[in-house]
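> Quick one: this structure, given as structure tokens, is what I'll be asking you about.
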There are 2 protein chains.
Amino acid sequence: MSSKPRNLFTYASAGVDTDALATGMRGLLDWIGKTREFREGPGAFETGSGFFASVLRLTDQLALAISTDGVGSKSVVAQLAGSYEGIGYDVVAVNVNDVVCVGAEPVALVDYISIQEPRADLLAALGRGMHDGAARAGVAIVGGELSLHPDSLAGPRPGYAFDATGTCVGLLDRRAPIMGAAVAPGDVVLGMASEGIHANGMTLARRVLLGDPEALTRVVPGLGHTIGEELLRPTHIYVPEVLALLRAGVDVHGLAHISGGGLLNLTRLEAEVGYHIDALPAVPQVFDLIREAGEVDIAEMFRVFNMGVGFCAVVPPGAVADALAAVRGAGGDAQPIGVAVAGERRVEIEPYHLIGSDGYFQEQAI
Amino acid sequence: MSSKPRNLFTYASAGVDTDALATGMRGLLDWIGKTREFREGPGAFETGSGFFASVLRLTDQLALAISTDGVGSKSVVAQLAGSYEGIGYDVVAVNVNDVVCVGAEPVALVDYISIQEPRADLLAALGRGMHDGAARAGVAIVGGELSLHPDSLAGPRPGYAFDATGTCVGLLDRRAPIMGAAVAPGDVVLGMASEGIHANGMTLARRVLLGDPEALTRVVPGLGHTIGEELLRPTHIYVPEVLALLRAGVDVHGLAHISGGGLLNLTRLEAEVGYHIDALPAVPQVFDLIREAGEVDIAEMFRVFNMGVGFCAVVPPGAVADALAAVRGAGGDAQPIGVAVAGERRVEIEPYHLIGSDGYFQEQAI
């Protein structure tokens, strides 16, 4: 293991203590876990505990995938910038990207927006962003809740504090859920590019990049736009690419949305294998900015951020060409970034000498 | 119309301005409404816009109901009292009660909990409450999201600020959604008792009853417990009663969860009829306390609170006996509280000389 000292910023020191969260979560999950048995027959839980989406069995032929997620503290950056449309898009993106991971076709979404005060500009922008996200994902937004919390929400722009989350449902019609059980050593990991930071690691990014109040509106050479605009770029919606893979008949063994936890999300796939990543695309400049400004350890960077890869599909070697063609046919892009390897469930990132498992990366000779 | 002046507290003056909310909401809904067309075929939106739950058509035989809701500012009272279990129960209750309104059988729920800090006692209590609610409703909690918001949540107990919401899905198997279109003049409105304030009108209740910091722990003669305990009583889950009605083959014409908006929720049923309410059960003491302490207008009370009736079923006169027997067989209780009447879509509450439509009640000779 590297003897390099931990650097200034970790995700915990920047305000999101994921270890304490894990402890608190156990008490919650102990109770929730017992509820699985409360439903039998149509609608019973089939699989997906701890996975990107949960699957309910409806009929012999039909299953429902469901997932819920929010945009986290990206809403704070949006308030600082007074720019909300991308957050609406993200509400759709973070959920449809999770639902499609089980191989389901997302069909509908409901949103939950809590606001400090009713602001017409905020709400219209969120609505427009959700509309645009729904258009790309091919889902209808069929319901939602708008909830006023004047006493319990606070933010940098008075009256504009808000949180935005959604729940997406998708259908699996005559198709078994893809939970990653089929992944085998030798399978190829295809990485699809992210559009920057997406909606994860925003707390750390804010502390590092936005400590200076002027920073938000400073144009960064090379980026060609301000840091605020960079952080608020909407999360890419990978639904067209993934549905193209499935419709082309590609033998997809595993699908992983690279959100919080970065490439460690690959270890959520069911197969007991490791992943050797050796051909990452160039790390987008925003991550270099964060790393340098905060002196953030590279292991921490890969744990918190997507580092340029927002979604992975794992396919057998013989299916790579068809898979790449299908993704490109849907207007997307993907490239082989590594392979599944025999051994324990971990992720090795060769170019950065990182080995990760159980939620952490460490620098190590590989 | 009564010439009585508006009294001290209205819901708007107590912090939740539902008119400004309505304005802001239009901008949001204009965009959301356009997304309906983004999905055709299996999973397409069928009905339920503005209703308690939305319905998606899955197959000729099967439809999915979906609804999302939170507990509003009841979480603030829970923080004041340091008592969170009932809120977990409410997360389930407010959603399953909405889904069952279309005649669907609730099958699963996902939760979204945002917290200021990870507190094991808070999370375990929420989990236990959700477990108990899920047990009564017969739903599995199949997924969820726990999100840390250290910078944007604030509340009266440092570190314990939180918001809790859920999304419930239910199934309609070889049964048309019950949207209230069949309600006809002469139909009988059956009211099922609430268990106090449930999760609506909490902002007004807090301002009126909890202005004095000692008030929360003061035992109220007649209630037999403290105001805090009264306000935190969990929302009754009406799923067993309603499923009993449906399974008994009662010809149910309409179902309404009496949440925010009180008995005006009856006007959400599709039929163009009015409702004449003439036999309300005794108003629970907590509402008298609020009315007296805040000098709240009776019209405002009926607009904001359930006033003792938490759920209504509308049935033809010939089905009343079977309906009451079915509800009682499920361990519940109901009583005829009024009838549907020809005319415009409004609610008359005879004992209080109230006529309500478009979201408001007014005192008026009936």
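As shown in the structure tokens, the chain order sets the letters A, B, ...; within each chain, residues go from 1, and ligands are also counted from 1 in the order they appear.
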Any chance you could tabulate, as CSV, the residues of chain A at most 6 Å from chain B with each one's nearest atom pair and distance in Å to one decimal, using only C-alpha atoms, in chain and rising number order?

```
residue,atom,partner,partner_atom,distance
A:Leu21,CA,B:Pro118,CA,5.2
A:Gly24,CA,B:Ala120,CA,4.2
A:Gly27,CA,B:Ala124,CA,4.5
A:Leu28,CA,B:Gly127,CA,4.5
A:Trp31,CA,B:Gly127,CA,5.2
A:Ile32,CA,B:His131,CA,5.9
A:Thr35,CA,B:Ala140,CA,4.9
A:Arg36,CA,B:Ala140,CA,4.7
A:Phe38,CA,B:Gly138,CA,5.2
A:Arg39,CA,B:Val139,CA,5.4
A:Gly43,CA,B:Val107,CA,5.5
A:Asp69,CA,B:Glu145,CA,5.9
A:Val107,CA,B:Gly43,CA,5.5
A:Pro118,CA,B:Leu21,CA,5.2
A:Arg119,CA,B:Gly24,CA,5.9
A:Ala120,CA,B:Gly24,CA,4.2
A:Leu123,CA,B:Leu28,CA,5.2
A:Ala124,CA,B:Gly27,CA,4.5
A:Gly127,CA,B:Leu28,CA,4.5
A:Arg128,CA,B:Trp31,CA,5.5
A:His131,CA,B:Trp31,CA,5.8
A:Gly138,CA,B:Phe38,CA,5.2
A:Val139,CA,B:Arg39,CA,5.4
A:Ala140,CA,B:Arg36,CA,4.7
A:Ile141,CA,B:Thr35,CA,5.9
A:Glu145,CA,B:Asp69,CA,5.9
A:Ser152,CA,B:Ala154,CA,4.8
A:Leu153,CA,B:Leu153,CA,4.9
A:Ala154,CA,B:Ser152,CA,4.8
A:Gly155,CA,B:Ser152,CA,5.5
```
> Selection from above, N, CA and C atoms, as a tab-separated table (two decimals), in the first residue's frame, can you write it?

```
chain	number	residue	atom	x	y	z
A	21	LEU	N	-22.62	7.35	7.87
A	21	LEU	CA	-23.86	7.08	7.14
A	21	LEU	C	-24.11	5.58	7.07
A	24	GLY	N	-25.45	4.39	10.42
A	24	GLY	CA	-26.85	4.76	10.62
A	24	GLY	C	-27.78	3.97	9.72
A	27	GLY	N	-29.26	0.39	10.86
A	27	GLY	CA	-30.47	0.37	11.68
A	27	GLY	C	-31.72	0.49	10.84
A	28	LEU	N	-31.62	1.34	9.82
A	28	LEU	CA	-32.74	1.53	8.91
A	28	LEU	C	-32.99	0.25	8.10
A	31	TRP	N	-34.68	-2.94	9.61
A	31	TRP	CA	-36.14	-2.92	9.65
A	31	TRP	C	-36.74	-3.08	8.26
A	32	ILE	N	-36.19	-2.34	7.30
A	32	ILE	CA	-36.74	-2.38	5.94
A	32	ILE	C	-36.66	-3.80	5.37
A	35	THR	N	-39.45	-6.28	5.63
A	35	THR	CA	-40.74	-6.03	4.97
A	35	THR	C	-40.91	-6.83	3.68
A	36	ARG	N	-39.81	-7.43	3.19
A	36	ARG	CA	-39.88	-8.16	1.91
A	36	ARG	C	-40.98	-9.22	1.92
A	38	PHE	N	-43.75	-9.17	3.36
A	38	PHE	CA	-45.13	-8.66	3.53
A	38	PHE	C	-45.93	-8.77	2.24
A	39	ARG	N	-45.26	-9.03	1.13
A	39	ARG	CA	-45.98	-9.11	-0.13
A	39	ARG	C	-45.60	-10.40	-0.85
A	43	GLY	N	-46.50	-8.68	-7.79
A	43	GLY	CA	-45.91	-7.51	-7.18
A	43	GLY	C	-44.88	-7.83	-6.11
A	69	ASP	N	-34.07	8.20	-6.45
A	69	ASP	CA	-32.81	8.89	-6.18
A	69	ASP	C	-33.03	10.40	-6.34
A	107	VAL	N	-40.30	3.54	-18.16
A	107	VAL	CA	-41.55	3.97	-18.78
A	107	VAL	C	-42.16	5.21	-18.13
A	118	PRO	N	-42.47	29.17	-2.78
A	118	PRO	CA	-42.88	28.94	-4.17
A	118	PRO	C	-42.32	30.04	-5.09
A	119	ARG	N	-41.36	29.70	-5.91
A	119	ARG	CA	-40.74	30.64	-6.84
A	119	ARG	C	-41.03	30.16	-8.26
A	120	ALA	N	-41.73	30.99	-9.00
A	120	ALA	CA	-42.19	30.56	-10.33
A	120	ALA	C	-41.01	30.25	-11.25
A	123	LEU	N	-39.47	26.83	-10.35
A	123	LEU	CA	-40.32	25.68	-10.68
A	123	LEU	C	-40.45	25.47	-12.19
A	124	ALA	N	-40.55	26.57	-12.94
A	124	ALA	CA	-40.64	26.44	-14.40
A	124	ALA	C	-39.35	25.86	-14.97
A	127	GLY	N	-39.22	22.21	-14.23
A	127	GLY	CA	-40.16	21.52	-15.10
A	127	GLY	C	-39.61	21.35	-16.51
A	128	ARG	N	-38.99	22.40	-17.02
A	128	ARG	CA	-38.44	22.33	-18.37
A	128	ARG	C	-37.32	21.30	-18.44
A	131	HIS	N	-38.80	17.85	-18.34
A	131	HIS	CA	-39.39	17.59	-19.65
A	131	HIS	C	-38.32	17.12	-20.63
A	138	GLY	N	-37.47	8.82	-22.96
A	138	GLY	CA	-38.70	8.18	-23.43
A	138	GLY	C	-39.64	7.78	-22.31
A	139	VAL	N	-39.66	8.57	-21.24
A	139	VAL	CA	-40.56	8.28	-20.12
A	139	VAL	C	-41.59	9.40	-19.99
A	140	ALA	N	-42.76	9.05	-19.46
A	140	ALA	CA	-43.76	10.05	-19.11
A	140	ALA	C	-43.62	10.37	-17.63
A	141	ILE	N	-43.76	11.64	-17.30
A	141	ILE	CA	-43.81	12.02	-15.88
A	141	ILE	C	-45.28	12.06	-15.50
A	145	GLU	N	-45.10	15.43	-6.49
A	145	GLU	CA	-45.51	16.15	-5.28
A	145	GLU	C	-44.63	17.37	-5.14
A	152	SER	N	-37.59	24.37	7.14
A	152	SER	CA	-36.56	23.34	7.27
A	152	SER	C	-35.58	23.30	6.11
A	153	LEU	N	-35.79	24.11	5.10
A	153	LEU	CA	-34.82	24.17	4.01
A	153	LEU	C	-34.06	25.49	4.08
A	154	ALA	N	-32.77	25.41	3.85
A	154	ALA	CA	-31.95	26.62	3.86
A	154	ALA	C	-30.92	26.50	2.75
A	155	GLY	N	-30.55	27.64	2.21
A	155	GLY	CA	-29.56	27.60	1.13
A	155	GLY	C	-28.96	28.96	0.91
```
> Could you please write out, as a PyMOL selection string, every residue of region 33-86 of chain B that DSSP assigns to strand (DSSP E or B)?
chain B and resi 44-47+54-57+62-70
> Save out the residues we just selected, N, CA and C atoms, as a PDB file, in the first residue's frame.

```
ATOM      1  N   ALA B  44     -47.747   3.053 -20.718  1.00  0.00           N
ATOM      2  CA  ALA B  44     -48.234   4.399 -21.042  1.00  0.00           C
ATOM      3  C   ALA B  44     -49.212   4.890 -19.973  1.00  0.00           C
ATOM      4  N   PHE B  45     -49.206   6.197 -19.773  1.00  0.00           N
ATOM      5  CA  PHE B  45     -50.138   6.840 -18.853  1.00  0.00           C
ATOM      6  C   PHE B  45     -51.566   6.590 -19.318  1.00  0.00           C
ATOM      7  N   GLU B  46     -52.425   6.150 -18.385  1.00  0.00           N
ATOM      8  CA  GLU B  46     -53.819   5.925 -18.767  1.00  0.00           C
ATOM      9  C   GLU B  46     -54.735   6.991 -18.188  1.00  0.00           C
ATOM     10  N   THR B  47     -54.602   7.235 -16.894  1.00  0.00           N
ATOM     11  CA  THR B  47     -55.485   8.202 -16.236  1.00  0.00           C
ATOM     12  C   THR B  47     -54.906   8.569 -14.871  1.00  0.00           C
ATOM     13  N   SER B  54     -51.717   7.949 -10.124  1.00  0.00           N
ATOM     14  CA  SER B  54     -51.749   7.846 -11.578  1.00  0.00           C
ATOM     15  C   SER B  54     -51.753   6.376 -11.971  1.00  0.00           C
ATOM     16  N   VAL B  55     -52.362   6.104 -13.118  1.00  0.00           N
ATOM     17  CA  VAL B  55     -52.512   4.724 -13.569  1.00  0.00           C
ATOM     18  C   VAL B  55     -51.804   4.548 -14.904  1.00  0.00           C
ATOM     19  N   LEU B  56     -50.941   3.527 -14.968  1.00  0.00           N
ATOM     20  CA  LEU B  56     -50.260   3.162 -16.212  1.00  0.00           C
ATOM     21  C   LEU B  56     -50.835   1.841 -16.693  1.00  0.00           C
ATOM     22  N   ARG B  57     -51.098   1.739 -17.993  1.00  0.00           N
ATOM     23  CA  ARG B  57     -51.597   0.493 -18.569  1.00  0.00           C
ATOM     24  C   ARG B  57     -50.419  -0.411 -18.891  1.00  0.00           C
ATOM     25  N   LEU B  62     -53.728  -5.859 -16.829  1.00  0.00           N
ATOM     26  CA  LEU B  62     -52.990  -5.355 -15.672  1.00  0.00           C
ATOM     27  C   LEU B  62     -52.650  -3.875 -15.829  1.00  0.00           C
ATOM     28  N   ALA B  63     -52.880  -3.121 -14.758  1.00  0.00           N
ATOM     29  CA  ALA B  63     -52.457  -1.714 -14.728  1.00  0.00           C
ATOM     30  C   ALA B  63     -51.694  -1.462 -13.436  1.00  0.00           C
ATOM     31  N   LEU B  64     -50.863  -0.428 -13.486  1.00  0.00           N
ATOM     32  CA  LEU B  64     -50.052  -0.055 -12.326  1.00  0.00           C
ATOM     33  C   LEU B  64     -50.522   1.300 -11.818  1.00  0.00           C
ATOM     34  N   ALA B  65     -50.712   1.405 -10.512  1.00  0.00           N
ATOM     35  CA  ALA B  65     -50.988   2.702  -9.893  1.00  0.00           C
ATOM     36  C   ALA B  65     -49.722   3.175  -9.198  1.00  0.00           C
ATOM     37  N   ILE B  66     -49.468   4.474  -9.253  1.00  0.00           N
ATOM     38  CA  ILE B  66     -48.259   5.004  -8.623  1.00  0.00           C
ATOM     39  C   ILE B  66     -48.561   6.367  -8.008  1.00  0.00           C
ATOM     40  N   SER B  67     -47.997   6.591  -6.830  1.00  0.00           N
ATOM     41  CA  SER B  67     -48.190   7.877  -6.175  1.00  0.00           C
ATOM     42  C   SER B  67     -46.996   8.172  -5.281  1.00  0.00           C
ATOM     43  N   THR B  68     -46.665   9.444  -5.153  1.00  0.00           N
ATOM     44  CA  THR B  68     -45.541   9.841  -4.304  1.00  0.00           C
ATOM     45  C   THR B  68     -45.989  10.960  -3.381  1.00  0.00           C
ATOM     46  N   ASP B  69     -45.538  10.904  -2.130  1.00  0.00           N
ATOM     47  CA  ASP B  69     -45.921  11.935  -1.165  1.00  0.00           C
ATOM     48  C   ASP B  69     -44.963  11.888   0.025  1.00  0.00           C
ATOM     49  N   GLY B  70     -44.930  12.973   0.753  1.00  0.00           N
ATOM     50  CA  GLY B  70     -44.086  13.059   1.936  1.00  0.00           C
ATOM     51  C   GLY B  70     -44.895  13.419   3.166  1.00  0.00           C
TER      52      GLY B  70
END
```
> Give me, as a list of chain:residue names, all polymer residues having an atom no more than 9 Å from Val314 (chain B), counting only C-alpha atoms and skipping those fewer than 5 positions away in the same chain.
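Counting only C-alpha atoms, the residues come to B:Gly180, B:Val183, B:Asp187, B:Val188, B:Val189, B:Leu190, B:Gly191, B:Val252, B:His253, B:Gly254, B:Leu255, B:Ala256, B:Val339, B:Ala340.
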> If you keep N, CA and C atoms, can you produce a file of those selected residues as a short mmCIF file (atom, residue, chain, number, x, y, z; two decimals), in the first residue's frame?

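Result saved to again_13.cif:
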```
data_model
loop_
_atom_site.label_atom_id
_atom_site.label_comp_id
_atom_site.auth_asym_id
_atom_site.auth_seq_id
_atom_site.Cartn_x
_atom_site.Cartn_y
_atom_site.Cartn_z
N GLY B 180 -64.02 7.54 -9.78
CA GLY B 180 -65.15 8.32 -9.28
C GLY B 180 -66.15 8.71 -10.34
N VAL B 183 -69.94 7.84 -9.64
CA VAL B 183 -70.71 8.44 -8.54
C VAL B 183 -71.94 9.16 -9.10
N ASP B 187 -75.99 8.53 -4.16
CA ASP B 187 -74.96 7.66 -3.59
C ASP B 187 -74.61 8.12 -2.18
N VAL B 188 -74.21 7.18 -1.37
CA VAL B 188 -73.94 7.48 0.04
C VAL B 188 -72.43 7.61 0.27
N VAL B 189 -72.06 8.67 0.98
CA VAL B 189 -70.66 8.87 1.35
C VAL B 189 -70.42 8.22 2.71
N LEU B 190 -69.56 7.22 2.73
CA LEU B 190 -69.18 6.59 3.99
C LEU B 190 -67.88 7.20 4.47
N GLY B 191 -67.85 7.64 5.71
CA GLY B 191 -66.64 8.24 6.26
C GLY B 191 -65.96 7.30 7.24
N VAL B 252 -68.14 -0.18 -5.43
CA VAL B 252 -67.56 1.09 -4.96
C VAL B 252 -67.52 2.09 -6.12
N HIS B 253 -68.15 3.24 -5.95
CA HIS B 253 -68.18 4.26 -7.01
C HIS B 253 -67.05 5.27 -6.89
N GLY B 254 -66.55 5.48 -5.67
CA GLY B 254 -65.48 6.46 -5.51
C GLY B 254 -64.77 6.28 -4.18
N LEU B 255 -63.49 6.62 -4.17
CA LEU B 255 -62.66 6.50 -2.96
C LEU B 255 -61.83 7.77 -2.83
N ALA B 256 -61.79 8.34 -1.65
CA ALA B 256 -61.06 9.59 -1.46
C ALA B 256 -60.30 9.59 -0.15
N VAL B 339 -74.50 12.40 1.31
CA VAL B 339 -74.88 11.84 0.02
C VAL B 339 -74.36 12.70 -1.12
N ALA B 340 -74.22 12.06 -2.27
CA ALA B 340 -73.93 12.81 -3.49
C ALA B 340 -75.23 13.45 -3.96
#
```
> Just want the 8 Å neighbourhood of region 275-277 of chain A, counted on only C-alpha atoms, with same-chain residues fewer than 5 positions away dropped. Output as a list of chain:residue names.
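The neighbour list is A:Leu266, A:Ile337, A:Gly338, A:Val339, A:Ala340, A:Val341, A:Arg345, A:Arg346, A:Val347, A:Glu348, A:Ile349, A:Glu350.
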> Selection from above, C-alpha atoms, as an mmCIF file, in the first residue's frame, can you write it?

```cif
data_model
loop_
_atom_site.group_PDB
_atom_site.id
_atom_site.type_symbol
_atom_site.label_atom_id
_atom_site.label_comp_id
_atom_site.auth_asym_id
_atom_site.auth_seq_id
_atom_site.Cartn_x
_atom_site.Cartn_y
_atom_site.Cartn_z
ATOM 1 C CA LEU A 266 -18.924 -2.467 -11.016
ATOM 2 C CA ILE A 337 -11.796 0.164 -20.804
ATOM 3 C CA GLY A 338 -10.878 -3.154 -19.230
ATOM 4 C CA VAL A 339 -11.836 -6.756 -18.591
ATOM 5 C CA ALA A 340 -13.397 -8.914 -15.922
ATOM 6 C CA VAL A 341 -10.793 -11.087 -14.196
ATOM 7 C CA ARG A 345 -14.718 -8.782 -6.278
ATOM 8 C CA ARG A 346 -12.559 -5.703 -6.682
ATOM 9 C CA VAL A 347 -11.628 -3.034 -9.198
ATOM 10 C CA GLU A 348 -8.041 -2.419 -10.296
ATOM 11 C CA ILE A 349 -7.309 0.812 -12.125
ATOM 12 C CA GLU A 350 -3.941 0.110 -13.625
#
```
> List the neighbours of region 307-312 of chain A out to 10 Å using only C-alpha atoms; skip same-chain residues closer than 2 positions along the sequence, and give me the result as a VMD selection string.
chain A and resid 97 to 98 101 188 to 198 235 to 238 242 254 to 259 262 to 263 265 to 266 280 to 288 301 to 305 314 to 315 334 to 337
> Using only C-alpha atoms, pick whichever of A:Ala215, A:Ile355, A:Leu232, A:Ala81 has the shortest atom-to-atom distance to Arg157 (chain A).
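Selected residue with least distance to Arg157 (chain A): A:Ala81.
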> With only C-alpha atoms as the basis for distance, which of A:Val250, A:Leu245, A:Val102, A:Val208 is at the shortest distance from Ala293 (chain A)?
A:Val208
> Provide the CA of Gly159 (chain A) to CA of Gly88 (chain A) distance in Å, to one decimal place.
18.0 Å
> Among region 132-364 of chain A, which residues carry a DSSP assignment of alpha helix (DSSP H), reported as a VMD selection string?
chain A and resid 132 to 137 202 to 209 227 to 231 239 to 247 285 to 294 298 to 304 320 to 329
> In Å, rounded to a single decimal, give me how far CA of Val91 (chain A) is from CA of Ile298 (chain A).
28.4 Å
